[in-house]
$ cat upload_32.cif   # mmCIF, C-alpha atoms and all ligand atoms
data_protein
#
loop_
_atom_site.label_atom_id
_atom_site.label_comp_id
_atom_site.auth_asym_id
_atom_site.auth_seq_id
_atom_site.Cartn_x
_atom_site.Cartn_y
_atom_site.Cartn_z
CA MET A 18 17.74 -27.99 -6.45
CA THR A 19 21.30 -26.78 -6.81
CA ALA A 20 22.00 -24.34 -4.05
CA SER A 21 25.57 -24.92 -3.07
CA PRO A 22 28.76 -23.59 -4.59
CA THR A 23 30.36 -26.86 -3.58
CA ASP A 24 28.03 -28.80 -5.87
CA SER A 25 29.54 -29.45 -9.25
CA ALA A 26 26.68 -27.86 -11.19
CA PRO A 27 26.37 -24.07 -10.99
CA THR A 28 23.29 -22.41 -9.53
CA ARG A 29 21.28 -21.24 -12.54
CA PHE A 30 19.75 -17.79 -12.19
CA GLY A 31 16.82 -16.32 -14.06
CA VAL A 32 16.54 -12.54 -14.08
CA MET A 33 13.25 -10.64 -13.80
CA GLY A 34 13.31 -7.13 -15.28
CA THR A 35 15.68 -5.23 -17.53
CA GLY A 36 16.22 -2.00 -15.60
CA ARG A 37 19.35 -0.03 -14.77
CA ILE A 38 20.50 -2.07 -11.79
CA THR A 39 19.92 -5.31 -13.70
CA ARG A 40 22.90 -4.55 -15.92
CA ARG A 41 25.25 -4.33 -12.95
CA LEU A 42 23.86 -7.33 -11.07
CA VAL A 43 23.88 -9.57 -14.13
CA ALA A 44 27.60 -8.84 -14.49
CA ASP A 45 28.05 -9.59 -10.77
CA LEU A 46 26.15 -12.89 -11.13
CA GLN A 47 28.15 -13.85 -14.19
CA SER A 48 31.44 -13.15 -12.39
CA THR A 49 30.51 -15.19 -9.29
CA ASP A 50 31.90 -18.70 -8.94
CA ALA A 51 29.36 -21.51 -9.31
CA VAL A 52 26.69 -19.25 -10.81
CA SER A 53 25.31 -19.01 -14.32
CA VAL A 54 22.62 -16.74 -15.73
CA THR A 55 20.37 -18.92 -17.82
CA ALA A 56 17.47 -16.67 -18.80
CA ILE A 57 16.14 -13.13 -18.57
CA ALA A 58 12.49 -12.12 -18.55
CA SER A 59 10.92 -8.83 -19.51
CA ARG A 60 7.39 -7.65 -20.05
CA SER A 61 8.50 -7.27 -23.66
CA GLN A 62 10.07 -10.05 -25.73
CA GLU A 63 12.00 -7.42 -27.67
CA ARG A 64 13.65 -6.01 -24.52
CA ALA A 65 14.42 -9.51 -23.24
CA ASP A 66 16.01 -10.38 -26.60
CA TRP A 67 18.09 -7.20 -26.60
CA PHE A 68 19.27 -7.73 -23.03
CA ALA A 69 20.07 -11.41 -23.61
CA SER A 70 22.13 -10.62 -26.70
CA GLN A 71 24.00 -7.76 -24.98
CA TYR A 72 24.87 -9.78 -21.88
CA GLY A 73 25.35 -13.24 -23.31
CA ILE A 74 22.32 -14.81 -21.61
CA PRO A 75 21.14 -17.98 -23.40
CA ALA A 76 17.35 -17.51 -23.12
CA ALA A 77 15.10 -14.45 -23.44
CA VAL A 78 11.59 -14.82 -22.08
CA GLU A 79 8.44 -12.73 -22.37
CA GLY A 80 6.65 -12.46 -19.03
CA TYR A 81 7.92 -13.15 -15.53
CA GLN A 82 5.69 -16.19 -14.92
CA ALA A 83 7.13 -17.86 -18.01
CA LEU A 84 10.54 -17.51 -16.37
CA LEU A 85 9.33 -19.08 -13.14
CA ASP A 86 7.81 -21.98 -15.10
CA ARG A 87 11.19 -22.97 -16.53
CA ASP A 88 12.95 -25.94 -15.02
CA ASP A 89 16.43 -24.72 -15.98
CA ILE A 90 16.26 -22.03 -13.26
CA ASP A 91 17.25 -22.64 -9.63
CA ALA A 92 17.12 -19.04 -8.40
CA VAL A 93 15.82 -15.67 -9.50
CA TYR A 94 17.23 -12.18 -9.29
CA LEU A 95 14.29 -9.81 -9.08
CA SER A 96 14.89 -6.15 -9.98
CA LEU A 97 11.40 -4.82 -10.49
CA PRO A 98 9.89 -1.65 -8.97
CA PRO A 99 9.26 -2.13 -5.22
CA SER A 100 5.48 -2.57 -5.38
CA LEU A 101 5.97 -5.70 -7.50
CA HIS A 102 8.50 -7.38 -5.23
CA ALA A 103 6.12 -9.15 -2.84
CA ASP A 104 3.86 -10.70 -5.45
CA TRP A 105 6.72 -11.97 -7.61
CA CYS A 106 8.78 -13.16 -4.67
CA VAL A 107 5.84 -15.19 -3.39
CA ARG A 108 5.29 -16.64 -6.87
CA ALA A 109 8.99 -17.43 -7.16
CA ALA A 110 8.91 -19.22 -3.80
CA GLU A 111 5.84 -21.21 -4.92
CA ALA A 112 7.83 -22.21 -8.01
CA GLY A 113 10.64 -23.45 -5.75
CA LYS A 114 13.17 -20.82 -6.80
CA HIS A 115 15.66 -19.24 -4.41
CA ILE A 116 15.36 -15.46 -4.41
CA LEU A 117 17.68 -12.49 -4.56
CA CYS A 118 15.28 -9.52 -4.39
CA GLU A 119 16.31 -5.93 -4.89
CA LYS A 120 15.87 -3.50 -2.03
CA PRO A 121 13.51 -2.39 -0.62
CA LEU A 122 12.32 -5.93 0.00
CA ALA A 123 8.70 -4.76 -0.26
CA THR A 124 6.57 -1.69 0.34
CA SER A 125 5.30 -2.72 3.80
CA ALA A 126 6.21 -5.01 6.66
CA ASP A 127 3.08 -7.08 5.95
CA GLN A 128 4.30 -7.75 2.42
CA ALA A 129 7.84 -8.45 3.62
CA ASN A 130 6.48 -11.01 6.09
CA GLN A 131 4.46 -12.65 3.32
CA ILE A 132 7.70 -13.12 1.37
CA ALA A 133 9.50 -14.58 4.37
CA GLN A 134 6.61 -16.94 5.13
CA ALA A 135 6.29 -18.12 1.53
CA CYS A 136 10.02 -18.83 1.37
CA GLN A 137 9.84 -20.78 4.59
CA ARG A 138 6.78 -22.73 3.40
CA PHE A 139 8.36 -23.70 0.09
CA GLY A 140 11.84 -24.28 1.49
CA VAL A 141 13.71 -21.69 -0.55
CA ARG A 142 16.45 -19.31 0.54
CA TRP A 143 16.09 -15.56 0.14
CA LEU A 144 18.09 -12.39 0.51
CA ASP A 145 17.42 -8.74 -0.13
CA ALA A 146 20.14 -7.35 -2.41
CA THR A 147 21.63 -5.02 0.20
CA GLY A 148 25.20 -5.54 -0.88
CA TRP A 149 26.97 -3.44 1.75
CA LEU A 150 26.00 -5.84 4.52
CA HIS A 151 28.14 -8.48 2.85
CA HIS A 152 31.33 -6.43 2.48
CA ARG A 153 34.07 -7.63 4.84
CA ARG A 154 34.63 -4.12 6.18
CA THR A 155 31.01 -3.98 7.40
CA ALA A 156 31.64 -6.72 9.94
CA ALA A 157 34.92 -5.01 10.89
CA MET A 158 33.13 -1.69 11.52
CA ARG A 159 30.41 -3.41 13.47
CA ALA A 160 33.02 -5.21 15.61
CA LEU A 161 34.49 -1.82 16.54
CA ALA A 162 31.05 -0.58 17.59
CA SER A 163 30.02 -3.67 19.52
CA GLY A 164 33.46 -4.55 20.87
CA GLY A 165 33.91 -1.45 23.01
CA ARG A 166 36.46 0.44 20.85
CA LEU A 167 34.02 3.36 20.49
CA GLY A 168 32.97 3.33 24.15
CA ARG A 169 29.27 3.61 24.92
CA LEU A 170 27.29 4.15 21.70
CA GLY A 171 25.39 7.42 21.69
CA HIS A 172 24.36 8.45 18.20
CA ILE A 173 24.29 7.03 14.68
CA THR A 174 23.83 9.33 11.73
CA ALA A 175 23.75 8.72 7.99
CA ALA A 176 23.02 10.40 4.68
CA VAL A 177 22.25 8.71 1.38
CA SER A 178 21.27 10.70 -1.67
CA PHE A 179 21.79 11.27 -5.34
CA TYR A 180 20.81 14.13 -7.58
CA ARG A 181 18.90 13.15 -10.66
CA PRO A 182 16.46 15.10 -12.74
CA PHE A 183 14.31 12.04 -13.48
CA GLN A 184 13.00 10.97 -16.88
CA SER A 185 9.25 10.63 -17.26
CA GLY A 186 8.04 7.13 -16.37
CA GLU A 187 10.62 6.79 -13.57
CA HIS A 188 9.26 4.32 -11.00
CA ARG A 189 10.83 6.35 -8.15
CA LEU A 190 8.30 9.11 -8.80
CA ASP A 191 5.28 6.82 -8.91
CA PRO A 192 3.50 6.09 -5.61
CA GLU A 193 1.74 3.10 -7.21
CA LEU A 194 5.11 1.48 -7.91
CA GLY A 195 6.52 2.07 -4.42
CA GLY A 196 8.44 5.19 -5.43
CA GLY A 197 10.06 7.78 -3.20
CA CYS A 198 13.31 8.15 -1.31
CA LEU A 199 12.06 6.75 1.99
CA LEU A 200 11.74 3.20 0.66
CA ASP A 201 14.51 3.52 -1.92
CA LEU A 202 17.26 5.18 0.15
CA GLY A 203 15.79 5.06 3.65
CA TRP A 204 16.16 1.29 3.25
CA TYR A 205 19.91 1.81 3.63
CA THR A 206 19.85 4.40 6.41
CA ALA A 207 17.15 2.80 8.58
CA GLY A 208 18.77 -0.61 8.06
CA LEU A 209 22.17 0.80 9.00
CA ALA A 210 20.80 2.24 12.25
CA CYS A 211 19.25 -1.12 13.21
CA TYR A 212 22.41 -2.97 12.19
CA PHE A 213 24.72 -0.91 14.41
CA ALA A 214 22.21 -0.55 17.24
CA GLY A 215 21.63 -4.31 17.18
CA ARG A 216 17.94 -3.68 17.83
CA SER A 217 14.90 -1.79 16.58
CA PRO A 218 14.15 1.77 17.62
CA ASN A 219 11.21 2.12 19.96
CA ARG A 220 10.04 5.44 18.44
CA VAL A 221 10.67 7.36 15.22
CA PHE A 222 9.89 10.67 13.59
CA ALA A 223 10.15 11.52 9.89
CA ASP A 224 9.57 14.64 7.87
CA CYS A 225 9.24 14.31 4.09
CA ILE A 226 9.35 16.87 1.32
CA GLU A 227 7.01 15.37 -1.25
CA GLU A 228 6.17 15.75 -4.89
CA ASN A 229 3.34 13.90 -6.64
CA GLY A 230 2.72 11.79 -3.56
CA VAL A 231 6.26 10.48 -3.12
CA PRO A 232 8.95 11.73 -0.71
CA LEU A 233 11.84 13.45 -2.52
CA ARG A 234 13.69 14.16 0.72
CA THR A 235 13.24 12.56 4.13
CA ASN A 236 14.83 13.61 7.40
CA ALA A 237 14.32 11.26 10.30
CA MET A 238 15.04 10.71 13.97
CA LEU A 239 15.07 7.29 15.67
CA TRP A 240 15.07 6.61 19.42
CA PHE A 241 16.38 3.32 20.85
CA ASP A 242 16.43 2.00 24.40
CA ASP A 243 19.38 3.05 26.60
CA ASP A 244 19.49 6.60 25.19
CA LEU A 245 20.89 5.55 21.83
CA THR A 246 19.58 7.76 19.02
CA ALA A 247 19.97 7.88 15.25
CA SER A 248 19.17 10.41 12.57
CA PHE A 249 19.35 10.33 8.81
CA SER A 250 18.69 12.31 5.70
CA CYS A 251 18.02 10.79 2.31
CA GLY A 252 16.79 12.19 -0.95
CA TYR A 253 17.00 12.82 -4.64
CA ASP A 254 17.81 16.51 -4.43
CA THR A 255 21.43 16.58 -3.31
CA ALA A 256 24.61 15.20 -4.83
CA THR A 257 25.61 11.60 -4.19
CA ARG A 258 26.21 10.92 -0.49
CA LYS A 259 26.54 7.55 1.18
CA TRP A 260 28.17 8.19 4.54
CA PHE A 261 27.54 7.40 8.17
CA GLU A 262 29.02 8.02 11.57
CA VAL A 263 28.58 5.81 14.62
CA ALA A 264 29.55 7.94 17.62
CA GLY A 265 30.47 6.54 21.00
CA SER A 266 31.79 8.04 24.23
CA ASP A 267 35.43 7.35 23.23
CA ALA A 268 35.54 7.46 19.44
CA SER A 269 33.54 7.44 16.22
CA VAL A 270 33.64 5.25 13.16
CA ILE A 271 33.05 7.09 9.90
CA CYS A 272 32.55 5.68 6.42
CA ASP A 273 31.87 7.80 3.35
CA ASP A 274 30.78 5.15 0.85
CA PHE A 275 29.02 2.45 2.80
CA THR A 276 26.28 1.49 0.31
CA ARG A 277 28.79 0.79 -2.45
CA PRO A 278 32.49 1.67 -2.39
CA TRP A 279 33.56 4.53 -4.64
CA ALA A 280 34.84 3.19 -7.94
CA GLU A 281 38.60 3.02 -8.49
CA ARG A 282 39.38 3.92 -4.86
CA PRO A 283 40.44 1.80 -1.94
CA THR A 284 37.50 0.85 0.26
CA ARG A 285 37.98 2.81 3.45
CA PHE A 286 36.68 3.91 6.81
CA TRP A 287 38.09 5.89 9.69
CA VAL A 288 38.11 5.79 13.47
CA HIS A 289 38.22 9.28 15.00
CA ASP A 290 39.36 9.49 18.60
CA ALA A 291 38.40 12.23 21.03
CA ASN A 292 41.95 13.68 20.88
CA GLY A 293 41.97 14.18 17.11
CA GLU A 294 43.80 10.94 16.30
CA VAL A 295 42.46 9.37 13.11
CA GLN A 296 43.03 5.76 12.14
CA ALA A 297 42.35 4.96 8.48
CA HIS A 298 41.37 1.43 7.48
CA GLU A 299 41.55 0.21 3.90
CA SER A 300 40.41 -3.06 2.42
CA SER A 301 38.98 -4.48 -0.75
CA ASP A 302 36.17 -6.88 -1.38
CA ARG A 303 33.46 -7.69 -3.90
CA GLN A 304 30.33 -7.24 -1.86
CA GLU A 305 27.82 -8.29 -4.51
CA GLN A 306 29.66 -11.54 -5.25
CA ARG A 307 29.82 -12.28 -1.51
CA MET A 308 26.10 -11.59 -1.25
CA ILE A 309 25.37 -14.00 -4.11
CA GLN A 310 27.66 -16.62 -2.56
CA ALA A 311 25.78 -16.27 0.71
CA LEU A 312 22.47 -16.93 -1.04
CA ILE A 313 23.65 -19.99 -2.91
CA GLY A 314 25.74 -21.36 -0.06
CA GLN A 315 24.80 -23.23 3.07
CA GLN A 316 25.27 -20.55 5.72
CA PRO A 317 22.20 -19.53 7.71
CA LEU A 318 20.58 -16.39 6.32
CA GLU A 319 18.35 -15.74 9.32
CA ALA A 320 20.30 -12.72 10.50
CA PHE A 321 20.07 -10.99 7.13
CA ASN A 322 16.41 -11.95 6.80
CA GLN A 323 15.59 -10.61 10.26
CA LEU A 324 17.37 -7.33 9.57
CA ALA A 325 15.38 -6.92 6.34
CA LEU A 326 12.08 -7.51 8.15
CA GLN A 327 13.12 -5.18 10.94
CA THR A 328 14.09 -2.47 8.43
CA GLN A 329 10.76 -2.77 6.66
CA THR A 330 8.93 -2.38 9.99
CA VAL A 331 10.90 0.76 10.79
CA LEU A 332 10.14 2.16 7.32
CA ASP A 333 6.42 1.56 7.94
CA ALA A 334 6.67 3.54 11.17
CA LEU A 335 8.64 6.34 9.49
CA ALA A 336 6.01 6.60 6.74
CA GLU A 337 3.26 6.73 9.35
CA SER A 338 5.14 9.41 11.27
CA ALA A 339 5.56 11.53 8.14
CA ARG A 340 1.83 11.19 7.46
CA LEU A 341 0.83 12.12 11.01
CA ARG A 342 3.61 14.72 11.39
CA GLN A 343 4.45 13.38 14.84
CA PRO A 344 6.66 10.74 16.45
CA VAL A 345 5.18 7.23 16.44
CA PRO A 346 6.08 4.00 18.28
CA VAL A 347 7.68 1.14 16.35
CA HIS A 348 5.83 -2.14 16.64
CA ALA A 349 8.74 -4.51 16.15
CA ASP A 350 7.69 -8.12 15.58
CA VAL A 351 11.28 -9.21 15.25
CA SER A 352 12.71 -10.91 18.29
CA PRO A 353 15.24 -8.71 20.11
CA ASP A 354 17.35 -11.87 20.38
CA ALA A 355 17.49 -12.37 16.62
CA PRO A 356 21.10 -12.77 15.48
CA SER A 357 22.78 -9.85 13.74
CA PRO A 358 24.52 -10.31 10.41
CA SER A 359 28.18 -10.89 11.14
CA CYS A 360 29.21 -11.75 7.61
N1 LIG B 401 21.08 -2.60 -4.94
C1 LIG B 401 21.32 -1.44 -5.56
O1 LIG B 401 22.43 -0.90 -5.52
C2 LIG B 401 20.22 -0.82 -6.35
C3 LIG B 401 20.49 0.22 -7.20
C4 LIG B 401 19.45 0.73 -7.96
C5 LIG B 401 18.18 0.21 -7.82
N2 LIG B 401 17.92 -0.78 -6.95
C6 LIG B 401 16.58 -1.34 -6.80
O2 LIG B 401 16.31 -2.17 -7.92
C7 LIG B 401 14.94 -2.09 -8.26
C8 LIG B 401 14.86 -1.64 -9.70
O3 LIG B 401 15.49 -0.38 -9.83
P1 LIG B 401 15.98 0.19 -11.26
O4 LIG B 401 16.54 1.52 -11.03
O5 LIG B 401 16.80 -0.85 -11.95
O6 LIG B 401 14.55 0.33 -11.97
P2 LIG B 401 14.18 0.55 -13.48
O7 LIG B 401 15.36 0.98 -14.27
O8 LIG B 401 12.96 1.38 -13.50
O9 LIG B 401 13.82 -0.93 -13.96
C9 LIG B 401 12.76 -1.67 -13.42
C10 LIG B 401 12.39 -2.78 -14.38
O10 LIG B 401 11.23 -3.40 -13.88
C11 LIG B 401 10.40 -3.85 -14.96
N3 LIG B 401 9.02 -3.40 -14.71
C12 LIG B 401 7.96 -4.22 -14.53
N4 LIG B 401 6.84 -3.53 -14.34
C13 LIG B 401 7.18 -2.23 -14.41
C14 LIG B 401 6.43 -1.03 -14.32
N5 LIG B 401 5.10 -1.04 -14.10
N6 LIG B 401 7.10 0.12 -14.46
C15 LIG B 401 8.41 0.15 -14.66
N7 LIG B 401 9.19 -0.97 -14.77
C16 LIG B 401 8.57 -2.14 -14.64
C17 LIG B 401 10.97 -3.23 -16.23
O11 LIG B 401 11.56 -4.28 -16.96
P3 LIG B 401 10.79 -4.98 -18.20
O12 LIG B 401 9.81 -3.99 -18.73
O13 LIG B 401 11.87 -5.30 -19.14
O14 LIG B 401 10.11 -6.17 -17.65
C18 LIG B 401 12.04 -2.27 -15.77
O15 LIG B 401 13.16 -2.26 -16.61
C19 LIG B 401 14.30 -1.11 -7.26
O16 LIG B 401 13.73 -1.83 -6.21
C20 LIG B 401 15.48 -0.30 -6.78
O17 LIG B 401 15.32 0.25 -5.48
C21 LIG B 401 18.92 -1.31 -6.23
#

$ encode --input "upload_32.cif" --output "C-alpha cells"
Amino acid sequence: MTASPTDSAPTRFGVMGTGRITRRLVADLQSTDAVSVTAIASRSQERADWFASQYGIPAAVEGYQALLDRDDIDAVYLSLPPSLHADWCVRAAEAGKHILCEKPLATSADQANQIAQACQRFGVRWLDATGWLHHRRTAAMRALASGGRLGRLGHITAAVSFYRPFQSGEHRLDPELGGGCLLDLGWYTAGLACYFAGRSPNRVFADCIEENGVPLRTNAMLWFDDDLTASFSCGYDTATRKWFEVAGSDASVICDDFTRPWAERPTRFWVHDANGEVQAHESSDRQEQRMIQALIGQQPLEAFNQLALQTQTVLDALAESARLRQPVPVHADVSPDAPSPSC
C-alpha cells in the first residue's frame, strides 16, 4: 500500500460523503503533494456524480462499501455525521485503507477505542481531522507553555462557537447522528485543554442548554492534578469564536483563531506579560496539508491518536456530568506517559 510521500506513486484517497466540509478537504487533499483523490462515494449516485464533476474526481460511487471495495484507493477521508464514524472507520480498516476521519472521532470513547484497535489489527494509519494540531504555531505555543515562559500553568480557557439558524435535516440537531455542540465543538476545546495540560483532567463538570435532545450551548469546567484548571464555552448560539488563553504565573498565551486561522489574515498569537507587555507572533502554514502529509508519511502518529482517545474520554465524562448535573470523575485509560503531539 502506498503510504509515503517519498514513494513515487501518490497516495490515492477515496472520499466518503458529500457534505459541506468535504468541499474544503477535497481541495486540501488535491493541493497536497503526493496525494490524489481517485473516487468519491455518496449514498446517492446522483450526488456522487455531481461532486465528482465539480471537483475533478475521476470516479463517482454509490454507497460507501463500494468505495472501500475498490483497489485503486489507499486511504479514505471520512466526513459523515459523527454517529457513522466508528462503523465506517472499522470497515475501512478491515479493507486495509488508511483513514482520515472528521472530528469528533466517534460519539463515545468505546467507539473511538474500537477504531484504534481495528486500525492496529489491520495495520493501517489513522488520524482525526483536527487540523489545528498540525499548524506550526501550535507547537510553538505549546513550547511556550511547557518551556516555562508562562511560569506555572494555572488556568486554560477557550470558546468555540458559530451562529447558524440551521436548515431542517441538519445532522448537528439530530441526537441519533451524534449531533450537538459538545461533540462537534467541545472536541476542540476539551482537546485543547488536554493538549496544553499534557494530561487528562481528573474531574469535570458540564452544563448544557439543550434543544431536541442535543446541546446547543455547553459550559464546562475541568480540574487537573496540581491545581491546574480549565473552562470552556461552546455553542451554536453566538457569533464565530475560536479563541483560547493559557494563563501561567508569569504570562499568558492568547490565540483568537486556533481551530482554523482567519482567512486573508496573518496567523497570529500573543504573549501577554504581567506588566502589560504584549508580544505578537505571526506565521503562516497550511495546517490541513500538514495533517494529510502526517497521515501519509512515516512519522509516528501515536501522540495524535492518544490525544484523540483522551479527548473522547473527556467528552464522555462531560456528557455524563451534564446528564447528572454534577461533577464526575474522568476515567482516563490513556497512559499519562503517552507522548504529546509536538508536530
Ligand atoms: N474539520 C473541520 O473543520 C470540520 C468542519 C465542519 C464539519 N466537520 C465534521 O465533518 C463531519 C461532517 O460535517 P458536515 O458539516 O460536512 O456535514 P454535512 O454537511 O451534514 O454532510 C454529511 C454528509 O454525510 C453523508 N451522510 C451519510 N448518512 C447521513 C445521514 N443519515 N444524514 C446526513 N448525512 C449523511 C451525506 O453525504 P451523502 O448523502 O452524499 O452520502 C452528507 O453530505 C462532522 O463530523 C463534522 O463535525 C469538521

$ closest_residue --input "upload_32.cif" --among "A:Arg60, A:His102, A:Arg220, A:Arg258" --to "ligand LIG 401 (chain B)" --atoms "only C-alpha atoms and all ligand atoms"
A:Arg60

$ atom_distance --input "upload_32.cif" --atom1 "CA of His152 (chain A)" --atom2 "CA of Leu209 (chain A)"
13.4 Å

$ residues_near_ligand --input "upload_32.cif" --ligand "ligand LIG 401 (chain B)" --cutoff "6 Å" --atoms "only C-alpha atoms and all ligand atoms" --output "list in words"
Gly34, Thr35, Gly36, Arg37, Ile38, Thr39, Ser59, Arg60, Ser61, Arg64, Ser96, Leu97, Pro98, Pro99, Glu119, Lys120, Pro121, Ala146, Thr147, Glu187, His188 and Asp201 of chain A

$ write_last_selection --input "upload_32.cif" --atoms "C-alpha atoms" --output "compact mmCIF listing (two decimals), in the frame of the given file"
# COMPACT_ATOMS: atom_id res chain seq x y z
CA GLY A 34 13.31 -7.13 -15.28
CA THR A 35 15.68 -5.23 -17.53
CA GLY A 36 16.22 -2.00 -15.60
CA ARG A 37 19.35 -0.03 -14.77
CA ILE A 38 20.50 -2.07 -11.79
CA THR A 39 19.92 -5.31 -13.70
CA SER A 59 10.92 -8.83 -19.51
CA ARG A 60 7.39 -7.65 -20.05
CA SER A 61 8.50 -7.27 -23.66
CA ARG A 64 13.65 -6.01 -24.52
CA SER A 96 14.89 -6.15 -9.98
CA LEU A 97 11.40 -4.82 -10.49
CA PRO A 98 9.89 -1.65 -8.97
CA PRO A 99 9.26 -2.13 -5.22
CA GLU A 119 16.31 -5.93 -4.89
CA LYS A 120 15.87 -3.50 -2.03
CA PRO A 121 13.51 -2.39 -0.62
CA ALA A 146 20.14 -7.35 -2.41
CA THR A 147 21.63 -5.02 0.20
CA GLU A 187 10.62 6.79 -13.57
CA HIS A 188 9.26 4.32 -11.00
CA ASP A 201 14.51 3.52 -1.92

$ atom_distance --input "upload_32.cif" --atom1 "CA of Pro346 (chain A)" --atom2 "CA of Asn219 (chain A)"
5.7 Å

$ residues_around --input "upload_32.cif" --residues "Ala176 (chain A)" --least-positions-apart "6" --cutoff "8 Å" --atoms "only C-alpha atoms" --output "NGL selection string"
:A and (206 or 249-251 or 258-261)

$ closest_residue --input "upload_32.cif" --among "A:Tyr180, A:Gln323, A:Ala339, A:Trp240" --to "Ala126 (chain A)" --atoms "all atoms listed in the file"
A:Gln323

$ residues_around --input "upload_32.cif" --residues "Arg181 (chain A)" --least-positions-apart "5" --cutoff "9 Å" --atoms "all atoms listed in the file" --output "PyMOL selection string"
chain A and resi 253-256

$ residues_near_point --input "upload_32.cif" --point "(11.0, 0.5, 9.6)" --cutoff "10 Å" --atoms "all atoms listed in the file" --output "JSON, numbers by chain"
{"A": [125, 126, 199, 200, 203, 204, 207, 208, 211, 217, 218, 221, 239, 325, 326, 327, 328, 329, 330, 331, 332, 333, 334, 335, 336, 337, 347, 348, 349]}

$ write_last_selection --input "upload_32.cif" --atoms "C-alpha atoms" --output "mmCIF file, in the frame of the given file"
data_model
loop_
_atom_site.group_PDB
_atom_site.id
_atom_site.type_symbol
_atom_site.label_atom_id
_atom_site.label_comp_id
_atom_site.auth_asym_id
_atom_site.auth_seq_id
_atom_site.Cartn_x
_atom_site.Cartn_y
_atom_site.Cartn_z
ATOM 1 C CA SER A 125 5.300 -2.720 3.800
ATOM 2 C CA ALA A 126 6.210 -5.010 6.660
ATOM 3 C CA LEU A 199 12.060 6.750 1.990
ATOM 4 C CA LEU A 200 11.740 3.200 0.660
ATOM 5 C CA GLY A 203 15.790 5.060 3.650
ATOM 6 C CA TRP A 204 16.160 1.290 3.250
ATOM 7 C CA ALA A 207 17.150 2.800 8.580
ATOM 8 C CA GLY A 208 18.770 -0.610 8.060
ATOM 9 C CA CYS A 211 19.250 -1.120 13.210
ATOM 10 C CA SER A 217 14.900 -1.790 16.580
ATOM 11 C CA PRO A 218 14.150 1.770 17.620
ATOM 12 C CA VAL A 221 10.670 7.360 15.220
ATOM 13 C CA LEU A 239 15.070 7.290 15.670
ATOM 14 C CA ALA A 325 15.380 -6.920 6.340
ATOM 15 C CA LEU A 326 12.080 -7.510 8.150
ATOM 16 C CA GLN A 327 13.120 -5.180 10.940
ATOM 17 C CA THR A 328 14.090 -2.470 8.430
ATOM 18 C CA GLN A 329 10.760 -2.770 6.660
ATOM 19 C CA THR A 330 8.930 -2.380 9.990
ATOM 20 C CA VAL A 331 10.900 0.760 10.790
ATOM 21 C CA LEU A 332 10.140 2.160 7.320
ATOM 22 C CA ASP A 333 6.420 1.560 7.940
ATOM 23 C CA ALA A 334 6.670 3.540 11.170
ATOM 24 C CA LEU A 335 8.640 6.340 9.490
ATOM 25 C CA ALA A 336 6.010 6.600 6.740
ATOM 26 C CA GLU A 337 3.260 6.730 9.350
ATOM 27 C CA VAL A 347 7.680 1.140 16.350
ATOM 28 C CA HIS A 348 5.830 -2.140 16.640
ATOM 29 C CA ALA A 349 8.740 -4.510 16.150
#

$ atom_distance --input "upload_32.cif" --atom1 "CA of Phe275 (chain A)" --atom2 "CA of Val288 (chain A)"
14.4 Å

$ closest_residue --input "upload_32.cif" --among "A:Gly215, A:Ile57, A:Lys114, A:Ile313" --to "Asp242 (chain A)" --atoms "all atoms listed in the file"
A:Gly215

$ closest_residue --input "upload_32.cif" --among "A:Val107, A:Val177, A:Ala58, A:Asp224" --to "Asn130 (chain A)" --atoms "only C-alpha atoms"
A:Val107

$ residues_around --input "upload_32.cif" --residues "Arg108 (chain A)" --least-positions-apart "3" --cutoff "10 Å" --atoms "only C-alpha atoms" --output "list in words"
Tyr81, Gln82, Leu85, His102, Ala103, Asp104, Trp105, Glu111, Ala112, Gly113, Lys114, Ile132, Ala135 and Cys136 of chain A

$ write_last_selection --input "upload_32.cif" --atoms "C-alpha atoms" --output "mmCIF file, in the coordinates of the input"
data_model
loop_
_atom_site.group_PDB
_atom_site.id
_atom_site.type_symbol
_atom_site.label_atom_id
_atom_site.label_comp_id
_atom_site.auth_asym_id
_atom_site.auth_seq_id
_atom_site.Cartn_x
_atom_site.Cartn_y
_atom_site.Cartn_z
ATOM 1 C CA TYR A 81 7.920 -13.150 -15.530
ATOM 2 C CA GLN A 82 5.690 -16.190 -14.920
ATOM 3 C CA LEU A 85 9.330 -19.080 -13.140
ATOM 4 C CA HIS A 102 8.500 -7.380 -5.230
ATOM 5 C CA ALA A 103 6.120 -9.150 -2.840
ATOM 6 C CA ASP A 104 3.860 -10.700 -5.450
ATOM 7 C CA TRP A 105 6.720 -11.970 -7.610
ATOM 8 C CA GLU A 111 5.840 -21.210 -4.920
ATOM 9 C CA ALA A 112 7.830 -22.210 -8.010
ATOM 10 C CA GLY A 113 10.640 -23.450 -5.750
ATOM 11 C CA LYS A 114 13.170 -20.820 -6.800
ATOM 12 C CA ILE A 132 7.700 -13.120 1.370
ATOM 13 C CA ALA A 135 6.290 -18.120 1.530
ATOM 14 C CA CYS A 136 10.020 -18.830 1.370
#

$ residues_around --input "upload_32.cif" --residues "Val295 (chain A)" --least-positions-apart "6" --cutoff "10 Å" --atoms "only C-alpha atoms" --output "VMD selection string"
chain A and resid 268 to 270 287 to 289

$ axis_aligned_box --input "upload_32.cif" --around "region 113-122 of chain A" --padding-each-side "8 Å" --output "AutoDock Vina command-line options"
--center_x 14.2 --center_y -12.9 --center_z -3.4 --size_x 23.0 --size_y 37.1 --size_z 22.8

$ closest_residue --input "upload_32.cif" --among "A:Ser301, A:Thr174, A:Gln134, A:Thr235" --to "Ser248 (chain A)" --atoms "all atoms listed in the file"
A:Thr174

$ closest_residue --input "upload_32.cif" --among "A:Asp274, A:Glu227, A:Asp91, A:Glu262" --to "Gly171 (chain A)" --atoms "only C-alpha atoms"
A:Glu262

$ residues_around --input "upload_32.cif" --residues "region 162-166 of chain A" --least-positions-apart "5" --cutoff "12 Å" --atoms "all atoms listed in the file" --output "ChimeraX atom specification"
/A:155-157,171-173,210,212-215,262-271,288-291,357,359

$ residues_near_point --input "upload_32.cif" --point "(19.4, -15.4, -16.2)" --cutoff "7 Å" --atoms "all atoms listed in the file" --output "ChimeraX atom specification"
/A:30-32,54-57,74
